[in-house]
Structure formats: C-alpha cells, structure tokens
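One file, start.cif, is given below (mmCIF, C-alpha atoms (C1' of nucleotides)).
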data_work
loop_
_atom_site.label_atom_id
_atom_site.label_comp_id
_atom_site.auth_asym_id
_atom_site.auth_seq_id
_atom_site.Cartn_x
_atom_site.Cartn_y
_atom_site.Cartn_z
CA MET X 1 -8.73 8.93 40.55
CA VAL X 2 -5.42 8.07 39.00
CA ASP X 3 -2.79 10.72 38.33
CA VAL X 4 -2.70 10.59 34.55
CA ASP X 5 0.62 12.38 34.20
CA GLU X 6 2.24 10.12 36.73
CA ARG X 7 1.01 6.99 34.93
CA ARG X 8 2.26 8.33 31.63
CA LEU X 9 5.63 9.02 33.17
CA GLN X 10 5.67 5.53 34.61
CA LEU X 11 5.13 4.14 31.11
CA THR X 12 7.51 6.42 29.23
CA ASP X 13 10.15 5.77 31.86
CA ALA X 14 9.74 2.06 31.32
CA ALA X 15 10.08 2.58 27.58
CA ALA X 16 13.22 4.66 28.08
CA ARG X 17 14.81 2.04 30.33
CA LEU X 18 14.01 -0.67 27.81
CA ILE X 19 15.40 1.31 24.88
CA ALA X 20 18.60 2.11 26.73
CA ARG X 21 19.05 -1.45 27.94
CA ALA X 22 18.12 -3.52 24.90
CA GLY X 23 17.56 -1.17 22.00
CA ILE X 24 14.54 0.12 20.19
CA GLY X 25 13.72 -3.33 18.89
CA ALA X 26 13.04 -4.57 22.40
CA ALA X 27 10.62 -1.77 23.17
CA THR X 28 7.43 -3.53 22.08
CA MET X 29 4.05 -2.60 23.51
CA ARG X 30 3.96 -5.75 25.63
CA GLU X 31 7.51 -5.35 26.90
CA VAL X 32 7.03 -1.69 27.80
CA ALA X 33 3.85 -2.45 29.67
CA ALA X 34 5.51 -5.33 31.51
CA GLU X 35 8.54 -3.19 32.38
CA ALA X 36 6.14 -0.70 33.94
CA GLY X 37 4.36 -3.48 35.82
CA LEU X 38 1.22 -3.16 33.72
CA THR X 39 -0.33 -4.69 30.60
CA THR X 40 -1.13 -3.48 27.12
CA GLY X 41 -4.65 -2.63 28.24
CA ALA X 42 -3.30 0.10 30.50
CA LEU X 43 -0.69 1.18 27.98
CA THR X 44 -3.16 1.76 25.15
CA HIS X 45 -5.39 3.60 27.58
CA TYR X 46 -2.79 6.34 27.94
CA PHE X 47 -1.23 6.34 24.47
CA ALA X 48 -3.22 5.99 21.29
CA ASP X 49 -0.53 4.04 19.49
CA LYS X 50 3.13 3.16 19.56
CA ARG X 51 4.21 6.26 17.69
CA GLU X 52 2.59 8.46 20.32
CA LEU X 53 4.30 6.44 23.04
CA LEU X 54 7.67 6.97 21.42
CA LEU X 55 7.08 10.67 20.94
CA HIS X 56 6.06 11.10 24.58
CA THR X 57 9.00 9.00 25.71
CA PHE X 58 11.34 11.36 23.91
CA GLN X 59 9.60 14.44 25.27
CA ALA X 60 9.58 13.04 28.80
CA SER X 61 13.28 12.28 28.54
CA LEU X 62 13.89 15.85 27.42
CA ASP X 63 11.85 17.19 30.31
CA GLY X 64 13.82 15.04 32.69
CA ARG X 65 17.04 16.57 31.43
CA ARG X 66 15.68 20.11 31.52
CA SER X 67 14.56 19.66 35.10
CA GLN X 68 18.21 19.10 36.04
CA ARG X 69 19.23 22.52 34.84
CA PRO X 70 20.22 24.97 37.56
CA ILE X 71 17.35 27.40 37.85
CA GLY X 72 16.77 31.02 38.68
CA GLU X 73 19.22 33.87 39.04
CA ALA X 74 20.72 32.29 42.11
CA VAL X 75 23.52 30.59 40.22
CA ASP X 76 26.21 32.23 38.19
CA ALA X 77 25.57 32.15 34.45
CA ARG X 78 28.99 30.63 33.84
CA VAL X 79 28.25 27.80 36.24
CA ALA X 80 24.84 27.25 34.71
CA LEU X 81 26.34 27.21 31.24
CA ARG X 82 28.98 24.66 32.08
CA SER X 83 26.40 22.58 33.91
CA SER X 84 24.05 22.65 30.93
CA LEU X 85 26.76 21.47 28.58
CA GLU X 86 27.84 18.77 30.99
CA GLY X 87 24.22 17.66 30.94
CA ALA X 88 24.77 16.58 27.35
CA LEU X 89 27.52 14.14 28.27
CA PRO X 90 26.61 10.50 28.95
CA ILE X 91 28.48 10.36 32.23
CA ASP X 92 25.82 8.74 34.37
CA GLU X 93 22.89 6.39 33.93
CA GLY X 94 20.31 9.12 33.41
CA ARG X 95 22.27 11.06 30.85
CA ARG X 96 23.29 7.89 29.00
CA ARG X 97 19.67 6.82 28.92
CA HIS X 98 18.63 10.10 27.43
CA TRP X 99 21.19 9.73 24.67
CA MET X 100 20.00 6.23 23.89
CA VAL X 101 16.42 7.44 23.72
CA THR X 102 17.50 10.29 21.45
CA VAL X 103 19.38 7.97 19.10
CA ALA X 104 16.45 5.56 18.94
CA PHE X 105 14.12 8.47 18.31
CA CYS X 106 16.31 9.81 15.51
CA ALA X 107 16.41 6.38 13.90
CA GLN X 108 12.63 6.39 13.90
CA ALA X 109 12.38 10.02 12.81
CA ALA X 110 13.82 9.37 9.36
CA GLY X 111 10.92 9.68 6.98
CA ASP X 112 8.52 10.84 9.70
CA VAL X 113 8.12 14.60 9.50
CA GLU X 114 6.48 15.01 12.88
CA LEU X 115 9.14 13.08 14.76
CA ALA X 116 11.87 14.84 12.82
CA ALA X 117 10.34 18.18 13.77
CA ALA X 118 10.30 17.18 17.43
CA GLN X 119 14.00 16.38 17.33
CA ARG X 120 14.73 19.60 15.46
CA ASP X 121 12.76 21.70 17.94
CA ALA X 122 14.47 20.06 20.88
CA TYR X 123 17.82 21.13 19.47
CA ARG X 124 16.60 24.64 18.75
CA GLU X 125 15.30 25.00 22.30
CA PHE X 126 18.60 23.86 23.72
CA ARG X 127 20.37 26.30 21.46
CA ARG X 128 18.25 29.19 22.75
CA HIS X 129 18.88 28.09 26.31
CA VAL X 130 22.65 27.99 25.82
CA GLU X 131 22.61 31.21 23.84
CA ARG X 132 20.88 33.03 26.68
CA LEU X 133 23.45 31.78 29.15
CA VAL X 134 26.27 32.82 26.83
CA VAL X 135 24.88 36.35 26.79
CA GLU X 136 24.31 36.42 30.53
CA ALA X 137 27.79 35.17 31.18
CA GLY X 138 29.18 37.89 28.96
CA ILE X 139 31.17 35.43 26.90
CA ALA X 140 30.13 36.78 23.55
CA PRO X 141 28.29 39.84 22.24
CA ALA X 142 24.58 39.25 21.77
CA ASP X 143 24.79 39.22 17.99
CA ASP X 144 27.35 36.44 18.08
CA ALA X 145 25.96 34.40 20.96
CA GLY X 146 24.04 32.11 18.63
CA ARG X 147 27.17 30.96 16.84
CA VAL X 148 29.01 30.51 20.10
CA ALA X 149 26.13 28.49 21.50
CA GLU X 150 26.10 26.23 18.45
CA GLN X 151 29.83 25.77 18.80
CA LEU X 152 29.59 24.84 22.46
CA ILE X 153 26.77 22.41 21.85
CA ALA X 154 28.64 20.85 18.97
CA GLN X 155 31.66 20.24 21.18
CA ALA X 156 29.62 18.62 23.93
CA ASP X 157 27.60 16.49 21.52
CA GLY X 158 30.71 15.43 19.66
CA ILE X 159 32.27 14.14 22.84
CA ALA X 160 29.02 12.39 23.69
CA MET X 161 28.89 10.67 20.29
CA GLN X 162 32.37 9.26 20.71
CA ALA X 163 31.74 8.24 24.30
CA LEU X 164 28.38 6.56 23.82
CA PHE X 165 29.63 3.25 22.49
CA ASP X 166 33.13 3.37 23.87
CA PRO X 167 32.68 3.87 27.60
CA ALA X 168 35.96 2.06 28.27
CA SER X 169 37.89 4.82 26.51
CA TRP X 170 35.64 7.54 27.85
CA PRO X 171 35.06 7.46 31.60
CA GLY X 172 33.09 10.39 32.89
CA ALA X 173 36.14 12.20 34.17
CA ARG X 174 37.75 12.13 30.74
CA GLN X 175 34.62 13.49 29.08
CA LEU X 176 34.48 16.31 31.58
CA ALA X 177 38.19 17.02 31.17
CA MET X 178 37.88 17.25 27.42
CA LEU X 179 34.84 19.50 27.64
CA ARG X 180 36.71 21.85 29.98
CA THR X 181 39.69 21.86 27.67
CA MET X 182 37.42 23.04 24.90
CA LEU X 183 35.76 25.59 27.15
CA THR X 184 38.83 27.28 28.63
CA PRO X 185 39.64 29.30 25.49
CA LEU X 186 36.29 30.99 26.09
CA GLY X 187 37.14 31.89 29.64
CA LEU X 188 35.10 29.13 31.25
CA MET H 189 29.48 -16.59 -12.27
CA VAL H 190 28.09 -13.70 -10.32
CA ASP H 191 30.34 -11.18 -8.60
CA VAL H 192 29.48 -11.90 -4.98
CA ASP H 193 30.91 -8.66 -3.62
CA GLU H 194 29.03 -6.63 -6.18
CA ARG H 195 25.74 -8.33 -5.33
CA ARG H 196 26.32 -7.73 -1.64
CA LEU H 197 27.01 -4.09 -2.31
CA GLN H 198 23.85 -3.89 -4.40
CA LEU H 199 21.87 -5.20 -1.44
CA THR H 200 23.54 -3.19 1.30
CA ASP H 201 23.20 -0.07 -0.83
CA ALA H 202 19.50 -0.73 -1.16
CA ALA H 203 19.27 -1.15 2.61
CA ALA H 204 21.14 2.11 3.18
CA ARG H 205 18.87 4.02 0.80
CA LEU H 206 15.81 2.61 2.51
CA ILE H 207 17.07 3.42 5.99
CA ALA H 208 17.94 6.98 5.01
CA ARG H 209 14.65 7.53 3.21
CA ALA H 210 12.13 5.88 5.51
CA GLY H 211 13.89 4.84 8.69
CA ILE H 212 15.11 1.58 10.08
CA GLY H 213 11.54 0.34 10.47
CA ALA H 214 11.04 0.37 6.72
CA ALA H 215 14.11 -1.72 6.08
CA THR H 216 12.48 -5.14 6.15
CA MET H 217 13.92 -8.10 4.29
CA ARG H 218 11.26 -7.89 1.60
CA GLU H 219 11.60 -4.15 1.14
CA VAL H 220 15.37 -4.25 0.95
CA ALA H 221 15.26 -7.01 -1.63
CA ALA H 222 12.66 -5.13 -3.68
CA GLU H 223 14.67 -1.89 -3.47
CA ALA H 224 17.60 -3.81 -4.92
CA GLY H 225 15.40 -5.25 -7.63
CA LEU H 226 15.56 -8.75 -6.18
CA THR H 227 13.60 -10.96 -3.78
CA THR H 228 14.19 -12.45 -0.37
CA GLY H 229 15.52 -15.59 -1.96
CA ALA H 230 18.51 -13.71 -3.30
CA LEU H 231 18.87 -11.65 -0.14
CA THR H 232 19.09 -14.65 2.18
CA HIS H 233 21.54 -16.24 -0.21
CA TYR H 234 24.08 -13.50 0.53
CA PHE H 235 23.29 -12.69 4.16
CA ALA H 236 22.51 -15.31 6.75
CA ASP H 237 20.04 -13.14 8.62
CA LYS H 238 18.90 -9.58 9.09
CA ARG H 239 21.46 -8.77 11.71
CA GLU H 240 24.25 -9.72 9.32
CA LEU H 241 22.65 -7.58 6.62
CA LEU H 242 22.58 -4.59 8.95
CA LEU H 243 26.17 -5.11 10.04
CA HIS H 244 27.37 -5.35 6.45
CA THR H 245 25.28 -2.32 5.49
CA PHE H 246 27.06 -0.31 8.17
CA GLN H 247 30.48 -1.61 7.16
CA ALA H 248 29.78 -0.96 3.48
CA SER H 249 28.68 2.58 4.30
CA LEU H 250 31.91 3.09 6.22
CA ASP H 251 33.95 1.75 3.32
CA GLY H 252 32.13 4.09 0.98
CA ARG H 253 33.13 7.05 3.13
CA ARG H 254 36.70 5.87 3.50
CA SER H 255 37.04 5.49 -0.25
CA GLN H 256 36.39 9.22 -0.55
CA ARG H 257 39.43 10.10 1.49
CA PRO H 258 42.26 11.71 -0.42
CA ILE H 259 44.92 9.07 -0.74
CA GLY H 260 48.67 8.86 -0.94
CA GLU H 261 51.34 11.41 -0.21
CA ALA H 262 50.29 13.49 -3.20
CA VAL H 263 48.01 15.72 -1.18
CA ASP H 264 48.98 18.03 1.64
CA ALA H 265 48.25 16.62 5.08
CA ARG H 266 46.35 19.78 5.99
CA VAL H 267 44.10 19.43 2.98
CA ALA H 268 43.55 15.75 3.68
CA LEU H 269 42.73 16.52 7.29
CA ARG H 270 40.18 19.17 6.47
CA SER H 271 38.70 16.94 3.80
CA SER H 272 38.40 14.03 6.21
CA LEU H 273 36.57 16.15 8.75
CA GLU H 274 34.28 17.58 6.10
CA GLY H 275 33.51 13.99 5.22
CA ALA H 276 31.72 13.73 8.55
CA LEU H 277 29.28 16.53 7.70
CA PRO H 278 25.92 15.62 6.12
CA ILE H 279 26.27 18.11 3.31
CA ASP H 280 25.30 15.89 0.42
CA GLU H 281 23.17 12.84 -0.19
CA GLY H 282 25.95 10.32 0.34
CA ARG H 283 27.19 11.79 3.59
CA ARG H 284 23.66 12.27 4.90
CA ARG H 285 22.88 8.67 4.06
CA HIS H 286 25.91 7.48 5.96
CA TRP H 287 24.81 9.41 9.03
CA MET H 288 21.33 7.94 8.84
CA VAL H 289 22.77 4.44 8.57
CA THR H 290 25.03 5.17 11.51
CA VAL H 291 22.17 6.43 13.66
CA ALA H 292 20.02 3.43 12.76
CA PHE H 293 22.93 1.15 13.50
CA CYS H 294 23.54 2.77 16.89
CA ALA H 295 19.87 2.40 17.76
CA GLN H 296 20.17 -1.30 17.04
CA ALA H 297 23.55 -1.62 18.77
CA ALA H 298 22.15 -0.93 22.23
CA GLY H 299 22.20 -4.24 24.01
CA ASP H 300 24.06 -5.98 21.18
CA VAL H 301 27.73 -6.27 22.07
CA GLU H 302 28.91 -7.17 18.58
CA LEU H 303 27.16 -4.26 16.89
CA ALA H 304 28.29 -1.90 19.64
CA ALA H 305 31.87 -3.08 19.12
CA ALA H 306 31.61 -2.40 15.39
CA GLN H 307 30.49 1.15 16.04
CA ARG H 308 33.22 1.63 18.63
CA ASP H 309 35.90 0.29 16.31
CA ALA H 310 34.73 2.51 13.47
CA TYR H 311 35.22 5.54 15.70
CA ARG H 312 38.63 4.35 16.86
CA GLU H 313 39.75 3.80 13.28
CA PHE H 314 38.63 7.29 12.33
CA ARG H 315 40.46 8.67 15.33
CA ARG H 316 43.69 6.95 14.29
CA HIS H 317 43.26 8.26 10.77
CA VAL H 318 42.77 11.85 11.94
CA GLU H 319 45.53 11.52 14.50
CA ARG H 320 48.00 10.48 11.81
CA LEU H 321 47.04 13.46 9.68
CA VAL H 322 47.40 15.77 12.67
CA VAL H 323 50.95 14.58 13.16
CA GLU H 324 51.78 14.79 9.46
CA ALA H 325 50.40 18.29 9.27
CA GLY H 326 52.51 19.29 12.22
CA ILE H 327 49.55 20.69 14.08
CA ALA H 328 50.32 19.04 17.38
CA PRO H 329 53.21 17.09 18.90
CA ALA H 330 52.82 13.34 18.53
CA ASP H 331 52.07 12.79 22.20
CA ASP H 332 49.16 15.19 22.02
CA ALA H 333 47.83 14.35 18.58
CA GLY H 334 45.29 11.91 19.97
CA ARG H 335 43.59 14.55 22.05
CA VAL H 336 43.62 16.99 19.19
CA ALA H 337 42.12 14.38 16.87
CA GLU H 338 39.34 13.64 19.32
CA GLN H 339 38.65 17.34 19.61
CA LEU H 340 38.45 17.81 15.86
CA ILE H 341 36.19 14.81 15.41
CA ALA H 342 33.97 16.01 18.22
CA GLN H 343 33.54 19.37 16.56
CA ALA H 344 32.64 17.87 13.19
CA ASP H 345 30.26 15.33 14.68
CA GLY H 346 28.63 17.93 16.85
CA ILE H 347 27.85 20.06 13.83
CA ALA H 348 26.56 16.98 12.04
CA MET H 349 24.24 16.10 14.91
CA GLN H 350 22.66 19.51 14.90
CA ALA H 351 22.39 19.59 11.11
CA LEU H 352 20.96 16.13 10.59
CA PHE H 353 17.36 16.93 11.42
CA ASP H 354 17.44 20.66 10.80
CA PRO H 355 18.68 20.99 7.23
CA ALA H 356 16.77 24.26 6.84
CA SER H 357 18.97 25.91 9.46
CA TRP H 358 22.08 24.09 8.31
CA PRO H 359 22.76 24.29 4.59
CA GLY H 360 26.04 22.75 3.56
CA ALA H 361 27.82 26.07 3.31
CA ARG H 362 26.96 26.93 6.88
CA GLN H 363 28.23 23.61 8.15
CA LEU H 364 31.47 24.11 6.29
CA ALA H 365 31.78 27.67 7.55
CA MET H 366 31.30 26.60 11.14
CA LEU H 367 33.80 23.77 10.82
CA ARG H 368 36.39 26.16 9.38
CA THR H 369 35.70 28.62 12.19
CA MET H 370 36.51 25.87 14.66
CA LEU H 371 39.58 24.83 12.71
CA THR H 372 41.27 28.19 12.23
CA PRO H 373 42.58 28.44 15.83
CA LEU H 374 44.63 25.34 14.95
CA GLY H 375 46.11 26.95 11.89
CA LEU H 376 43.92 25.13 9.39
"C1'" DC Q 377 -25.72 2.16 48.21
"C1'" DC Q 378 -26.06 2.48 43.42
"C1'" DC Q 379 -24.86 4.05 38.95
"C1'" DG Q 380 -21.82 5.83 35.55
"C1'" DT Q 381 -17.17 6.62 34.59
"C1'" DT Q 382 -12.52 5.47 34.70
"C1'" DC Q 383 -9.06 2.14 34.76
"C1'" DT Q 384 -6.84 -2.38 33.96
"C1'" DG Q 385 -6.09 -7.28 32.62
"C1'" DG Q 386 -6.38 -10.64 29.32
"C1'" DA Q 387 -7.46 -12.54 25.26
"C1'" DA Q 388 -8.23 -12.34 20.45
"C1'" DC Q 389 -7.56 -10.57 15.59
"C1'" DG Q 390 -5.41 -9.64 11.43
"C1'" DT Q 391 -1.07 -8.35 9.66
"C1'" DT Q 392 3.64 -8.51 8.89
"C1'" DC Q 393 7.93 -10.01 10.09
"C1'" DG Q 394 12.24 -13.10 9.66
"C1'" DT Q 395 13.12 -17.31 8.21
"C1'" DT Q 396 12.88 -21.72 5.77
"C1'" DA Q 397 11.78 -24.80 2.09
"C1'" DT Q 398 11.16 -25.85 -2.59
"C1'" DA Q 399 11.22 -25.47 -7.54
"C1'" DC Q 400 13.38 -23.84 -11.45
"C1'" DA Q 401 16.75 -21.46 -14.10
"C1'" DT Q 402 21.42 -20.72 -15.35
"C1'" DA Q 403 26.24 -21.35 -15.52
"C1'" DA Q 404 30.55 -24.23 -15.03
"C1'" DC Q 405 32.78 -28.31 -15.82
"C1'" DA Q 406 33.46 -33.14 -17.06
"C1'" DT Y 407 26.04 -33.11 -23.35
"C1'" DG Y 408 24.98 -34.67 -18.96
"C1'" DT Y 409 25.87 -33.43 -14.20
"C1'" DT Y 410 26.68 -30.64 -10.44
"C1'" DA Y 411 26.84 -26.37 -8.20
"C1'" DT Y 412 25.12 -21.90 -7.95
"C1'" DG Y 413 21.72 -18.22 -8.13
"C1'" DT Y 414 16.99 -16.57 -7.79
"C1'" DA Y 415 11.86 -16.51 -7.37
"C1'" DT Y 416 7.96 -17.90 -4.99
"C1'" DA Y 417 5.42 -19.74 -1.47
"C1'" DA Y 418 4.72 -21.13 3.00
"C1'" DC Y 419 5.54 -21.29 8.18
"C1'" DG Y 420 5.46 -20.06 12.91
"C1'" DA Y 421 6.22 -16.29 15.77
"C1'" DA Y 422 5.57 -11.81 17.27
"C1'" DC Y 423 3.85 -7.53 16.45
"C1'" DG Y 424 0.39 -3.42 17.00
"C1'" DT Y 425 -4.07 -3.00 17.79
"C1'" DT Y 426 -8.86 -3.93 19.18
"C1'" DC Y 427 -12.22 -5.66 22.09
"C1'" DC Y 428 -14.50 -6.86 26.23
"C1'" DA Y 429 -15.27 -8.24 30.94
"C1'" DG Y 430 -14.77 -6.72 35.25
"C1'" DA Y 431 -12.52 -4.12 39.02
"C1'" DA Y 432 -11.95 0.32 41.21
"C1'" DC Y 433 -13.56 4.60 42.08
"C1'" DG Y 434 -16.54 9.03 42.64
"C1'" DG Y 435 -20.85 11.63 42.74
"C1'" DG Y 436 -25.61 11.55 43.88
#
Would you mind writing the structure in this file as structure tokens?
Amino acid sequence: MVDVDERRLQLTDAAARLIARAGIGAATMREVAAEAGLTTGALTHYFADKRELLLHTFQASLDGRRSQRPIGEAVDARVALRSSLEGALPIDEGRRRHWMVTVAFCAQAAGDVELAAAQRDAYREFRRHVERLVVEAGIAPADDAGRVAEQLIAQADGIAMQALFDPASWPGARQLAMLRTMLTPLGL
Amino acid sequence: MVDVDERRLQLTDAAARLIARAGIGAATMREVAAEAGLTTGALTHYFADKRELLLHTFQASLDGRRSQRPIGEAVDARVALRSSLEGALPIDEGRRRHWMVTVAFCAQAAGDVELAAAQRDAYREFRRHVERLVVEAGIAPADDAGRVAEQLIAQADGIAMQALFDPASWPGARQLAMLRTMLTPLGL
DNA sequence: CCCGTTCTGGAACGTTCGTTATACATAACA
DNA sequence: TGTTATGTATAACGAACGTTCCAGAACGGG
C-alpha cells in the first residue's frame, strides 16, 4: 500500500528541517507531523515514540550524507577523500542541516547510552571510510592511516564548528580554502 | 545580604552539571533549583526566565574556562598557547562539562539570534586570544596569525568532537598526544 | 463486492513544563 | 524596635507536551 520507508523519510526529513530552522525545542510531535503535512496519528504509526523519531532522524541524515559520497572505483581516491571531507563542512543547506541535526542529537545523547552509542558509531564509521581512502590514495602507510584519518576529520570538523554559528565570517569558499590549506601538506 | 553573583553561580553551576549528566532535557527549572539545593522561587528571583538561565549558564561556563588560562607575562607565550588549546579538549570533568553545555547551548541557539550571537562571539573571542598568543610566540607573522589561530582552534575542536562521545577510544593522553602531533609542525 | 488490514485524522488524557502569585522568613536601616 | 526591602519556599495556573485511543477512510485479497 504505502511505501513505509518513504513515509518515514518524509517524517524524518520534516523533523530535520524543523530542527535546523528553529532548534530542537521546536521539533514537537505535532510540529513535525504538520511540517510533513500529516498529523500525530500518522507520526506515531511509524515511530513508537519521540526518542525513536529522533534516532531515525539522525540516522536518515547520516544516510543522506553518505549517499553523496563518490562511489565505486571510478573516481580517484584523492578526489573521493577531499570530497568526503568537504562533505563535513556546512557550506550548503543540506550539509548545514546535517550539522544542526547532529548537534541537536548530541545534546539529547548526554545521559542516554543508546543515543550516545549511535553518535559514537557514526564517527567510527566515518573514520573507517576516510582511513580506507587514505590508504587507497597512498597518503600514509596502512598502519598509520587511522591517525591520519582522525587528523583529517578533526580539521574538517573544527572548521565546521567555527563556521556553524558564524556564517558571515565563514562563507563556503573560505571554509573550502582553509580545508585545502590544511590538506596540501599531505599532498592533496 | 546575599552575594548575588555567588548565588547565580551556584544556580548556573547546577544547570551545567545537570546538562552534562542528563542532557538539556533534564535541565528543567525545578530540577536545576533542586540540584542547587534551592527551589524555583529562588531560581526565578535571579533569572527572569529559562532562556536567561541558559544564557548565563553558557557565559558562566565560558568564564570558568577563561579563568583557567595562564595569565600575565610570567609564562611563555608558547606554553600559554598550548595550554589554551588543551583547554578545549574534554580531558577532565570540567572541560567535558563545558563542552556539553556548549553543545546544549548550540542546539538551543538554532533559530534564536541572540543565543547564536553569544556562541559566535565566544568563538571570536577565543580566536583573538589564540591569535595574540600566536603573535607573541612568534609562530606566524601578524598578518597571518588569524589564519593560524583558526587552524589551531579547528584542530583542537575537531579532536574534542570526536572524543566527546567516544571516551573509550579517546583517553585524555591520546587527545593530548594527537594535539601535540598537530602542533609540532608549527614548532610547538 | 465484501472483509480484514493498513493507514490517517482528530480528539482526549494525564503529566510536566515555565511561569506567576502569595506567604513567610530574614536582614538592613531608621 | 518598627518598617521596609530582600530572599526563599510553596502552591497554583494555564499551556503545551508526549502519548493513547478511536472512528473511519483507503486499500488489497478472496
């Protein structure tokens, strides 16, 4: 009948938009449902409770980001690596939204072991992804790729943190320029 | 009669502990008052509303961090610089608490221009502080110190972001080691 | 076409929130 | 010491929240 996954995405997308636009406080069950053009009856039909909605919203936002990664062996590992790191910068609406969802999720994850684990695992997955690209690109020996990956991620995230609430000082071009400045010593 | 500033600190400290321990959702007016050993009557006497409490909690947490900075000309600029950057790493209870407060504050700052400005200004102040130390330490020429400061802050914050919800992978020593690895190319 | 399932809207429930009001204690000052 | 201002506890209020419930619409299999 109805595509369950599509409906869920419709609802988690609405939640993400709301969180990014007006903060976690504005993302009530009623408001999320309304943003999606539905009511709480439909919302509770797809998510048992608000916590589950938030968890799925975070996961869906992650999936959305992952789907933007260059895929396959078609692209050069160096290009894929730089693209993956640029994916962590809030330089457009989608990437900014993902950061806002992540921050809101982290704020909720304090004192909630399951949510904290989700955030932790998301980071670990990203680390593995970057680490693999580092190896493929031949930037670092395999036994040191993990450290290099952590370093690269730290640099991208650090720029993102500064840029998130100071977009006037950090237009997209400046974020990208700074990331490349930090990458060039590694031959990127 | 009563030291107003001390009472306010007592209350904002209670709020910060609560936020770090159980998340922003647990920081209700009643809970904050109880954590401070008081009631809502006292709480509302010192803060007009919850938003003001949150803003002051963030500012008080910032002040607490700033008070840990090495002061005066007594210390070497290089030492002060490294110490300031290490202050951004969640390697003990106080620093972790400040990060949790910051994350909670950012989650609330979406869609609230005044809160967003407070977060933005906090970053800019830290940037100026680091920039000054960069110049004093002779690490970069004055016209490039800003960029270097941003880079250093980004590296520290990036480590912090990864470490916040994965303390098992990021003991304090490892955070410090990684920060020093990133600092050595600059002669620190 | 009918029946059972799935899906959705809408209202209701109990709880908890931020906030306000009030009563009482305590301290400062005349 | 009487009076005023200040500090705090307690209770109450209306609003909004997450959640539950139910009626009925939409749909699919027989």
Reference answer for the PyMOL selection byres ((chain H) within 10 of (chain Q)), as a ChimeraX atom specification: /H:189-190,216-218,228,232,236-238
Residue contacts of segment 184-188 of chain X (12 Å, all atoms listed in the file) excluding same-chain residues fewer than 6 positions away, as a list in words: Asp76, Ala77, Arg78, Val79, Ala80, Leu81, Arg82, Ser83, Leu85, Val134, Ala137, Gly138, Ile139, Ala140, Val148, Ala149, Gln151, Leu152, Ala177 and Met178 of chain X; Met370 and Pro373 of chain H
Exercise answer, chain Y residues close to chain H, 12 Å and all atoms listed in the file, as JSON, numbers by chain: {"Y": [411, 412, 413, 414, 415, 416, 417]}
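Comparing H:Arg209, H:Val323, H:Ala276, H:Phe235 by their smallest distance to chain X, the closest is H:Arg209 (using only C-alpha atoms).
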Result set of the PyMOL selection byres ((chain X) within 8 of (chain H)) on the coordinates above, as number ranges by chain: X: 19-25, 100, 103-104, 106-112, 116-117, 119-120, 123, 150-151, 153-159, 161-162, 165-166, 178, 182
Do you know which residues are at most 8 Å from Val220 of chain H counting all atoms listed in the file, after dropping those on the same chain fewer than 6 positions away, and could you put them as a compact mmCIF listing (two decimals) with C-alpha atoms, keeping the file's coordinate frame?
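Produced file part07.txt, reproduced below:
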# COMPACT_ATOMS: atom_id res chain seq x y z
CA LEU H 199 21.87 -5.20 -1.44
CA ALA H 202 19.50 -0.73 -1.16
CA ALA H 203 19.27 -1.15 2.61
CA LEU H 206 15.81 2.61 2.51
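A straight line drawn from atom CA of Val130 of chain X to atom CA of Ser84 of chain X is 7.5 Å long.
Between atom C1' of DT426 of chain Y and atom CA of Tyr46 of chain X the interatomic distance comes to 14.8 Å.
Computed from the coordinates, the atom CA of Asp3 of chain X to atom C1' of DG436 of chain Y distance equals 23.5 Å.
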